[in-house]
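File shown: coords_27.csv (CSV, C-alpha atoms).
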```csv
chain,number,residue,atom,x,y,z
N,1257,MET,CA,32.3,104.3,-72.7
N,1258,ARG,CA,32.7,101.0,-70.9
N,1259,TYR,CA,29.3,99.5,-71.4
N,1260,ILE,CA,27.8,97.2,-68.8
N,1261,LYS,CA,27.3,94.4,-71.3
N,1262,THR,CA,31.0,94.2,-71.9
N,1263,LEU,CA,32.1,94.1,-68.2
N,1264,LEU,CA,34.2,91.1,-67.1
N,1265,GLU,CA,34.7,89.6,-63.7
N,1266,HIS,CA,37.7,90.8,-61.7
N,1267,GLU,CA,38.3,93.9,-63.8
N,1268,ARG,CA,38.4,97.4,-62.5
N,1269,VAL,CA,35.9,99.8,-64.0
N,1270,VAL,CA,35.9,103.6,-63.8
N,1271,GLU,CA,32.9,104.9,-65.6
N,1272,HIS,CA,29.6,106.9,-65.6
N,1273,TYR,CA,26.3,105.0,-65.2
N,1274,LEU,CA,22.7,105.9,-64.5
N,1275,CYS,CA,21.7,105.1,-60.9
N,1276,LYS,CA,18.2,103.6,-61.1
N,1277,LYS,CA,17.9,102.4,-57.5
N,1278,LYS,CA,19.6,103.5,-54.3
N,1279,GLU,CA,18.8,101.6,-51.1
N,1280,SER,CA,20.3,101.6,-47.6
N,1281,ARG,CA,20.6,98.1,-46.3
N,1282,GLU,CA,22.0,96.1,-43.4
N,1283,SER,CA,24.0,92.9,-43.8
N,1284,ARG,CA,23.4,89.8,-41.7
N,1285,ALA,CA,26.5,90.8,-39.7
N,1286,GLY,CA,24.9,94.2,-38.9
N,1287,LYS,CA,27.0,96.2,-41.3
N,1288,ASN,CA,25.3,99.1,-43.1
N,1289,PHE,CA,25.8,99.3,-46.9
N,1290,PHE,CA,24.2,100.8,-50.0
N,1291,SER,CA,22.8,98.7,-52.8
N,1292,LEU,CA,22.5,100.3,-56.3
N,1293,LYS,CA,21.2,99.3,-59.7
N,1294,LEU,CA,23.3,100.9,-62.4
N,1295,HIS,CA,22.2,101.2,-66.0
N,1296,ASP,CA,23.4,102.1,-69.4
N,1297,LYS,CA,21.9,101.5,-72.8
N,1298,THR,CA,23.3,97.9,-72.9
N,1299,GLY,CA,21.8,96.7,-69.6
N,1300,GLN,CA,22.0,96.9,-65.8
N,1301,ILE,CA,24.2,95.7,-63.0
N,1302,ASP,CA,24.0,95.6,-59.2
N,1303,ALA,CA,26.5,97.5,-57.2
N,1304,LYS,CA,27.4,97.6,-53.5
N,1305,ILE,CA,29.0,100.4,-51.5
N,1306,TRP,CA,30.5,99.0,-48.3
N,1307,GLU,CA,32.7,101.9,-47.3
N,1308,MET,CA,30.4,104.7,-46.2
N,1309,THR,CA,33.1,107.3,-46.7
N,1310,ASN,CA,31.7,107.8,-50.2
N,1311,ASP,CA,29.7,111.0,-50.8
N,1312,ILE,CA,26.4,109.2,-50.5
N,1313,ALA,CA,24.3,112.4,-50.1
N,1314,SER,CA,25.6,113.8,-53.4
N,1315,PHE,CA,23.3,111.8,-55.7
N,1316,GLU,CA,19.8,110.4,-55.8
N,1317,GLU,CA,18.0,107.8,-57.9
N,1318,GLY,CA,17.8,109.0,-61.5
N,1319,ASP,CA,21.2,110.7,-61.4
N,1320,ILE,CA,24.3,109.9,-63.5
N,1321,VAL,CA,27.1,108.8,-61.2
N,1322,LYS,CA,30.8,108.2,-61.7
N,1323,ILE,CA,32.0,105.0,-60.1
N,1324,ASP,CA,35.3,103.4,-59.4
N,1325,GLY,CA,35.1,99.7,-58.5
N,1326,VAL,CA,35.8,96.1,-59.2
N,1327,VAL,CA,33.5,93.7,-61.0
N,1328,GLY,CA,32.7,90.6,-59.0
N,1329,SER,CA,30.2,87.8,-59.0
N,1330,TYR,CA,27.3,86.8,-56.7
N,1331,LEU,CA,24.9,83.9,-57.2
N,1332,GLY,CA,26.0,83.7,-60.9
N,1333,GLU,CA,25.4,87.4,-61.6
N,1334,LEU,CA,28.0,90.1,-62.1
N,1335,GLN,CA,28.0,93.0,-59.6
N,1336,ILE,CA,30.4,95.9,-58.8
N,1337,LYS,CA,32.0,96.5,-55.5
N,1338,VAL,CA,32.3,100.3,-55.5
N,1339,SER,CA,35.3,102.0,-53.8
N,1340,LYS,CA,34.6,105.5,-55.0
N,1341,LEU,CA,31.5,107.2,-56.2
N,1342,ARG,CA,30.2,110.8,-56.9
N,1343,ARG,CA,27.5,112.5,-59.0
N,1344,SER,CA,28.7,113.0,-62.5
N,1345,ARG,CA,29.2,116.6,-63.8
N,1346,GLU,CA,27.7,118.2,-66.8
N,1347,GLY,CA,29.9,117.5,-69.9
N,1348,GLU,CA,31.5,114.3,-68.5
N,1349,TYR,CA,29.1,111.9,-70.2
N,1350,VAL,CA,26.9,111.5,-73.3
N,1351,ALA,CA,23.2,111.3,-72.5
N,1352,ASP,CA,22.5,108.8,-75.3
N,1353,ASP,CA,24.7,106.2,-73.6
N,1354,PHE,CA,22.0,105.7,-71.0
N,1355,VAL,CA,19.0,105.3,-73.3
N,1356,PRO,CA,18.7,101.7,-74.6
N,1357,SER,CA,16.9,101.5,-77.9
N,1358,THR,CA,15.5,98.8,-80.2
N,1359,GLU,CA,17.8,97.4,-82.8
N,1360,LYS,CA,14.9,97.5,-85.3
N,1361,ASP,CA,13.9,100.4,-87.5
N,1362,ILE,CA,11.3,102.6,-85.7
N,1363,PRO,CA,9.8,104.3,-88.7
N,1364,GLU,CA,9.5,101.0,-90.6
N,1365,MET,CA,7.8,99.3,-87.7
N,1366,PHE,CA,5.3,102.2,-87.4
N,1367,GLU,CA,4.6,101.9,-91.1
N,1368,LYS,CA,3.6,98.3,-90.5
N,1369,ILE,CA,1.3,99.4,-87.6
N,1370,SER,CA,-0.3,101.9,-90.0
N,1371,ALA,CA,-0.7,99.1,-92.6
N,1372,LEU,CA,-2.5,96.9,-90.1
N,1373,ILE,CA,-4.9,99.8,-89.3
N,1374,LYS,CA,-5.6,100.3,-93.0
N,1375,SER,CA,-6.5,96.6,-93.3
N,1376,VAL,CA,-9.4,97.0,-90.8
N,1377,LYS,CA,-12.7,96.9,-92.7
N,1378,ASN,CA,-15.0,98.1,-89.8
N,1379,LEU,CA,-15.1,101.9,-90.2
N,1380,GLN,CA,-15.7,102.7,-86.5
N,1381,ILE,CA,-12.8,100.5,-85.4
N,1382,LYS,CA,-10.5,101.9,-88.0
N,1383,THR,CA,-11.4,105.5,-86.9
N,1384,LEU,CA,-10.7,104.6,-83.3
N,1385,LEU,CA,-7.2,103.2,-84.2
N,1386,GLU,CA,-6.4,106.1,-86.5
N,1387,ASN,CA,-7.4,108.7,-83.8
N,1388,ILE,CA,-5.4,107.0,-81.0
N,1389,PHE,CA,-2.2,106.4,-83.0
N,1390,ARG,CA,-2.3,109.9,-84.6
N,1391,ALA,CA,-2.6,111.6,-81.2
N,1392,HIS,CA,0.0,109.5,-79.4
N,1393,GLU,CA,2.4,108.6,-82.2
N,1394,ALA,CA,5.5,110.2,-80.6
N,1395,ALA,CA,5.0,108.7,-77.2
N,1396,PHE,CA,4.1,105.3,-78.7
N,1397,LYS,CA,7.3,105.2,-80.8
N,1398,SER,CA,9.6,106.2,-77.9
N,1399,SER,CA,8.1,104.3,-75.0
N,1400,SER,CA,9.5,101.1,-73.5
N,1401,ALA,CA,7.2,98.1,-72.8
N,1402,ALA,CA,8.5,97.4,-69.3
N,1403,MET,CA,10.9,98.6,-66.6
N,1404,TYR,CA,13.1,95.6,-66.3
N,1405,MET,CA,11.7,92.7,-68.2
N,1406,HIS,CA,11.1,92.3,-72.0
N,1407,HIS,CA,11.4,95.2,-74.4
N,1408,ALA,CA,12.6,97.6,-71.7
N,1409,TYR,CA,14.1,100.1,-74.2
N,1410,MET,CA,13.2,103.0,-76.5
N,1411,GLY,CA,10.9,101.6,-79.2
N,1412,GLY,CA,10.2,98.6,-77.1
N,1413,LEU,CA,6.4,99.2,-76.9
N,1414,LEU,CA,6.2,99.6,-80.6
N,1415,GLU,CA,8.3,96.5,-81.3
N,1416,HIS,CA,6.3,94.4,-78.9
N,1417,THR,CA,2.9,95.7,-80.1
N,1418,LEU,CA,3.8,95.0,-83.7
N,1419,SER,CA,5.1,91.5,-83.0
N,1420,VAL,CA,1.9,90.6,-81.0
N,1421,ALA,CA,-0.3,92.0,-83.7
N,1422,GLU,CA,1.5,90.0,-86.4
N,1423,ILE,CA,1.3,86.8,-84.4
N,1424,CYS,CA,-2.4,87.5,-83.9
N,1425,VAL,CA,-3.0,87.9,-87.6
N,1426,PHE,CA,-1.1,84.7,-88.3
N,1427,LEU,CA,-3.2,82.7,-85.9
N,1428,SER,CA,-6.5,84.2,-86.9
N,1429,ALA,CA,-6.4,82.6,-90.3
N,1430,ARG,CA,-6.2,79.2,-88.7
N,1431,TYR,CA,-9.4,79.2,-86.6
N,1432,LYS,CA,-13.1,79.8,-87.1
N,1433,TYR,CA,-15.2,82.5,-85.5
N,1434,VAL,CA,-12.4,85.0,-85.2
N,1435,ASN,CA,-13.4,88.7,-85.8
N,1436,ILE,CA,-10.1,89.9,-87.3
N,1437,ASP,CA,-11.0,93.6,-86.9
N,1438,VAL,CA,-11.6,93.2,-83.2
N,1439,LEU,CA,-8.5,91.2,-82.8
N,1440,ILE,CA,-6.3,93.7,-84.6
N,1441,ALA,CA,-7.7,96.5,-82.4
N,1442,GLY,CA,-7.1,94.5,-79.3
N,1443,ALA,CA,-3.6,93.6,-80.3
N,1444,LEU,CA,-2.6,97.2,-81.2
N,1445,LEU,CA,-4.2,98.7,-78.1
N,1446,HIS,CA,-3.5,96.0,-75.4
N,1447,ASP,CA,-0.5,97.8,-73.9
N,1448,ILE,CA,-1.3,101.4,-75.0
N,1449,GLY,CA,-1.7,102.4,-71.4
N,1450,LYS,CA,2.0,101.9,-70.9
N,1451,ILE,CA,2.7,105.4,-72.4
N,1452,PHE,CA,1.1,106.7,-69.2
N,1453,GLU,CA,2.2,103.9,-66.8
N,1454,ILE,CA,6.0,104.3,-67.4
N,1455,SER,CA,8.0,107.5,-67.4
N,1456,PRO,CA,10.1,108.4,-70.5
N,1457,LEU,CA,13.6,107.0,-70.7
N,1458,PRO,CA,16.2,107.1,-69.3
N,1459,GLN,CA,14.3,107.1,-66.0
N,1460,ASN,CA,11.8,104.4,-67.2
N,1461,GLU,CA,10.0,104.2,-63.8
N,1462,TYR,CA,6.4,103.9,-62.8
N,1463,THR,CA,4.5,107.2,-62.8
N,1464,ASP,CA,2.0,107.9,-60.0
N,1465,ASP,CA,-0.8,106.8,-62.2
N,1466,GLY,CA,1.2,103.7,-63.2
N,1467,GLN,CA,1.6,102.8,-59.5
N,1468,MET,CA,-2.0,103.4,-58.6
N,1469,LEU,CA,-3.9,102.3,-61.7
N,1470,GLY,CA,-1.6,100.3,-64.0
N,1471,HIS,CA,-1.6,100.1,-67.8
N,1472,ILE,CA,-4.7,98.0,-68.2
N,1473,ILE,CA,-6.9,100.6,-66.4
N,1474,LEU,CA,-5.1,103.5,-68.1
N,1475,GLY,CA,-5.6,102.0,-71.5
N,1476,LEU,CA,-9.2,101.2,-70.8
N,1477,GLU,CA,-9.8,104.8,-69.9
N,1478,MET,CA,-8.1,106.1,-73.0
N,1479,ILE,CA,-10.1,103.7,-75.3
N,1480,SER,CA,-13.4,104.5,-73.6
N,1481,GLY,CA,-12.8,108.2,-74.0
N,1482,GLU,CA,-11.9,107.9,-77.7
N,1483,ILE,CA,-14.9,105.6,-78.4
N,1484,ALA,CA,-17.2,108.2,-76.9
N,1485,LYS,CA,-16.0,110.7,-79.5
N,1486,ILE,CA,-17.1,108.5,-82.5
N,1487,ASP,CA,-20.7,108.7,-83.6
N,1488,ASP,CA,-22.7,105.4,-83.5
N,1489,PHE,CA,-19.8,103.3,-82.2
N,1490,PRO,CA,-21.6,99.9,-81.5
N,1491,HIS,CA,-21.7,99.1,-77.8
N,1492,GLU,CA,-21.1,95.4,-78.4
N,1493,THR,CA,-18.0,96.1,-80.6
N,1494,ALA,CA,-16.6,98.4,-77.9
N,1495,SER,CA,-17.1,95.7,-75.3
N,1496,LEU,CA,-15.4,93.1,-77.4
N,1497,ILE,CA,-12.3,95.4,-77.8
N,1498,LYS,CA,-12.2,96.3,-74.1
N,1499,HIS,CA,-12.5,92.7,-73.1
N,1500,CYS,CA,-9.4,91.9,-75.2
N,1501,LEU,CA,-7.6,94.7,-73.3
N,1502,ILE,CA,-8.6,93.7,-69.8
N,1503,SER,CA,-8.1,90.0,-70.2
N,1504,HIS,CA,-4.7,89.9,-72.1
N,1505,HIS,CA,-2.7,88.8,-69.0
N,1506,GLY,CA,-4.8,85.7,-69.1
N,1507,GLU,CA,-5.3,85.0,-65.4
N,1508,PHE,CA,-6.6,86.9,-62.4
N,1509,GLU,CA,-3.3,86.3,-60.5
N,1510,TYR,CA,-1.4,88.0,-63.3
N,1511,GLY,CA,-3.4,91.2,-63.1
N,1512,SER,CA,-6.3,90.6,-65.5
N,1513,PRO,CA,-9.6,91.8,-64.2
N,1514,LYS,CA,-11.2,89.2,-66.5
N,1515,ILE,CA,-10.0,86.0,-68.1
N,1516,PRO,CA,-10.3,85.6,-71.9
N,1517,ALA,CA,-13.9,84.7,-72.9
N,1518,THR,CA,-13.7,85.3,-76.7
N,1519,PRO,CA,-11.6,83.8,-79.5
N,1520,GLU,CA,-10.0,87.2,-80.0
N,1521,ALA,CA,-9.1,87.6,-76.4
N,1522,MET,CA,-7.7,84.1,-76.2
N,1523,ILE,CA,-5.5,84.6,-79.3
N,1524,LEU,CA,-4.3,87.9,-78.0
N,1525,HIS,CA,-3.3,86.5,-74.6
N,1526,PHE,CA,-1.2,83.7,-76.1
N,1527,ALA,CA,0.4,86.0,-78.7
N,1528,ASP,CA,1.3,88.5,-75.9
N,1529,ASN,CA,2.8,85.7,-73.8
N,1530,ILE,CA,4.7,84.2,-76.6
N,1531,ASP,CA,6.4,87.5,-77.6
N,1532,ALA,CA,7.1,88.5,-74.0
N,1533,LYS,CA,8.6,85.1,-72.9
N,1534,LEU,CA,10.7,84.5,-76.0
N,1535,THR,CA,12.0,88.0,-76.0
N,1536,THR,CA,12.9,87.5,-72.3
N,1537,PHE,CA,14.8,84.3,-73.3
N,1538,ALA,CA,16.8,86.2,-76.0
N,1539,GLU,CA,17.6,89.0,-73.6
N,1540,ILE,CA,18.8,86.5,-71.0
N,1541,TYR,CA,21.0,84.8,-73.5
N,1542,ASP,CA,22.5,88.2,-74.5
N,1543,LYS,CA,23.7,89.0,-71.0
N,1544,ASP,CA,24.3,85.6,-69.3
N,1545,THR,CA,27.9,84.8,-68.4
N,1546,THR,CA,27.4,81.4,-66.7
N,1547,PRO,CA,29.7,78.7,-68.0
N,1548,GLY,CA,28.1,75.5,-69.4
N,1549,LYS,CA,24.9,74.7,-71.2
N,1550,TRP,CA,22.5,76.3,-68.7
N,1551,THR,CA,22.0,79.9,-67.6
N,1552,ALA,CA,21.9,81.0,-64.0
N,1553,TYR,CA,18.5,80.6,-62.3
N,1554,GLN,CA,16.1,83.1,-63.7
N,1555,LYS,CA,13.7,84.4,-61.0
N,1556,SER,CA,11.4,86.1,-63.5
N,1557,LEU,CA,10.8,82.8,-65.3
N,1558,GLY,CA,11.1,80.5,-62.2
N,1559,ARG,CA,13.6,78.2,-63.9
N,1560,TYR,CA,17.0,77.6,-65.4
N,1561,ILE,CA,17.0,77.8,-69.2
N,1562,ARG,CA,19.1,75.9,-71.6
N,1563,LYS,CA,21.4,78.0,-73.8
N,1564,PRO,CA,21.0,77.8,-77.6
```
What do you get writing this file as structure tokens?
Amino acid sequence: MRYIKTLLEHERVVEHYLCKKKESRESRAGKNFFSLKLHDKTGQIDAKIWEMTNDIASFEEGDIVKIDGVVGSYLGELQIKVSKLRRSREGEYVADDFVPSTEKDIPEMFEKISALIKSVKNLQIKTLLENIFRAHEAAFKSSSAAMYMHHAYMGGLLEHTLSVAEICVFLSARYKYVNIDVLIAGALLHDIGKIFEISPLPQNEYTDDGQMLGHIILGLEMISGEIAKIDDFPHETASLIKHCLISHHGEFEYGSPKIPATPEAMILHFADNIDAKLTTFAEIYDKDTTPGKWTAYQKSLGRYIRKP
């Protein structure tokens, strides 16, 4: 398997990849072409089909395709100019080659999540966390945390959630007035709605509910439903946890219905942002091929970033 991460400019590549996007476009000169996003477990790459003699109708988004093309460069990013393409046949590829996965140990990370839940002293909050993670353990372990950005791989949601929770615990000891049980609950549940928002790998696309509701609303619905099953769960405690969830993006323009108004919500917002941004930096470094001390311009971050 010739993985995307190992491709070099000017080389010919004949290989099987997952087609995540297939769009018909028109160039400025009025020429029709197809723009594709090809994936494997190491990353993604743009591809262009200029010669319309290819069997375009033979495949759709979500299919594995066999391509024959040459790797070029456009605006500092590698892309493939495809000369031949068809839908791959059963037995020609290994499905695991198209499922990116965390480099960390999934059972070990989930054990740390379980240890954090055991550390919670409030009985109702502990019961809430135990019920949710018992019911959704398999999906939580396998889900990604995003479609394209940080942690967009199997185990990514688990990895991100654990990192955020550990940062929250670290920060909580340094400030007064922090309810650690509420903070742990908010950290562990802040992205739980993503198991419903994003379809399983290798597709890793928004579900219908993901498109229409988003992970904040989906997570809020789940938590509200589970709280309703627990006798005498204090309304105020429930609201504090829910506030962490709905404010963790930090600003209205970033999708938060509310902005952080408690110490727990503020810590969670910054911990989430730290882990997301620094993981994005690391993922950019892993794939950037630009010569010199600076990466290509990163649209997701709105800046160039200096290489380590």
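For the pair atom CA of N:Gly1347 and atom CA of N:Asp1302, the interatomic distance is 25.1 Å.
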Listing only residues of stretch 1447-1562 of chain N within 10 Å of stretch 1263-1277 of chain N, what is the closest atom pair and its distance in Å (to one decimal) for each, using only C-alpha atoms, sorted by chain and residue number ascending, as JSON lines?
```
{"residue": "N:Pro1458", "atom": "CA", "partner": "N:Leu1274", "partner_atom": "CA", "distance": 8.2}
{"residue": "N:Gln1459", "atom": "CA", "partner": "N:Lys1276", "partner_atom": "CA", "distance": 7.2}
{"residue": "N:Asn1460", "atom": "CA", "partner": "N:Lys1276", "partner_atom": "CA", "distance": 8.9}
{"residue": "N:Glu1461", "atom": "CA", "partner": "N:Lys1276", "partner_atom": "CA", "distance": 8.7}
{"residue": "N:Thr1545", "atom": "CA", "partner": "N:Leu1264", "partner_atom": "CA", "distance": 9.0}
```
Which residues, written as a ChimeraX atom specification, have at least one atom at most 8 Å from N:Asp1353, with all atoms listed in the file counted and residues fewer than 3 positions away on the same chain left out?
/N:1257,1296-1297,1349-1350,1356
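For the set N:Asp1465, N:Glu1359, N:Asp1437, N:Glu1386, the residue with the smallest atom-to-atom gap to N:Gly1449 is N:Asp1465, counting all atoms listed in the file.
Put simply, atom CA of N:Val1326 is 23.1 Å away from atom CA of N:Gly1286.
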Which residue gives the smallest distance to N:Phe1290 among N:Trp1306, N:Tyr1259, N:Trp1550, N:Tyr1541, with all atoms listed in the file counted?
N:Trp1306
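Proximity of N:Glu1364, N:Asp1487, N:Asp1531, N:Glu1348 to N:Leu1384, computed with only C-alpha atoms, is greatest for N:Asp1487.
In terms of minimum interatomic distance to N:Ile1305, N:Val1338 ranks closest within N:Ser1280, N:Ile1362, N:Val1338, N:Leu1457, counting only C-alpha atoms.
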Report, in Å to a single decimal, how far apart atom CA of N:Ala1421 and atom CA of N:Ala1443 are.
5.0 Å
Please provide the set of residues having any atom within 10 Å of stretch 1424-1431 of chain N, restricted to only C-alpha atoms, with same-chain residues fewer than 5 positions apart removed, written as a PDB file with C-alpha atoms, in the coordinates of the input.
```pdb
ATOM      1  CA  LEU N1372      -2.500  96.900 -90.100  1.00  0.00           C
ATOM      2  CA  LEU N1418       3.800  95.000 -83.700  1.00  0.00           C
ATOM      3  CA  SER N1419       5.100  91.500 -83.000  1.00  0.00           C
ATOM      4  CA  ILE N1436     -10.100  89.900 -87.300  1.00  0.00           C
ATOM      5  CA  ASP N1437     -11.000  93.600 -86.900  1.00  0.00           C
ATOM      6  CA  LEU N1439      -8.500  91.200 -82.800  1.00  0.00           C
ATOM      7  CA  ILE N1440      -6.300  93.700 -84.600  1.00  0.00           C
ATOM      8  CA  GLY N1442      -7.100  94.500 -79.300  1.00  0.00           C
ATOM      9  CA  ALA N1443      -3.600  93.600 -80.300  1.00  0.00           C
ATOM     10  CA  PRO N1519     -11.600  83.800 -79.500  1.00  0.00           C
ATOM     11  CA  GLU N1520     -10.000  87.200 -80.000  1.00  0.00           C
ATOM     12  CA  MET N1522      -7.700  84.100 -76.200  1.00  0.00           C
ATOM     13  CA  ILE N1523      -5.500  84.600 -79.300  1.00  0.00           C
ATOM     14  CA  LEU N1524      -4.300  87.900 -78.000  1.00  0.00           C
ATOM     15  CA  HIS N1525      -3.300  86.500 -74.600  1.00  0.00           C
ATOM     16  CA  PHE N1526      -1.200  83.700 -76.100  1.00  0.00           C
ATOM     17  CA  ALA N1527       0.400  86.000 -78.700  1.00  0.00           C
ATOM     18  CA  ASP N1528       1.300  88.500 -75.900  1.00  0.00           C
TER      19      ASP N1528
END
```
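Proximity of N:Gly1318, N:Gly1466, N:Gly1325, N:Pro1490 to N:Asn1378, computed with all atoms listed in the file, is greatest for N:Pro1490.
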What's around N:Ile1540 at 10 Å? Count only C-alpha atoms, leave out sequence neighbours fewer than 2 positions away in its own chain, and write the answer as a PyMOL selection string.
chain N and resi 1405-1406+1534-1538+1542-1545+1551-1552+1554+1561+1563
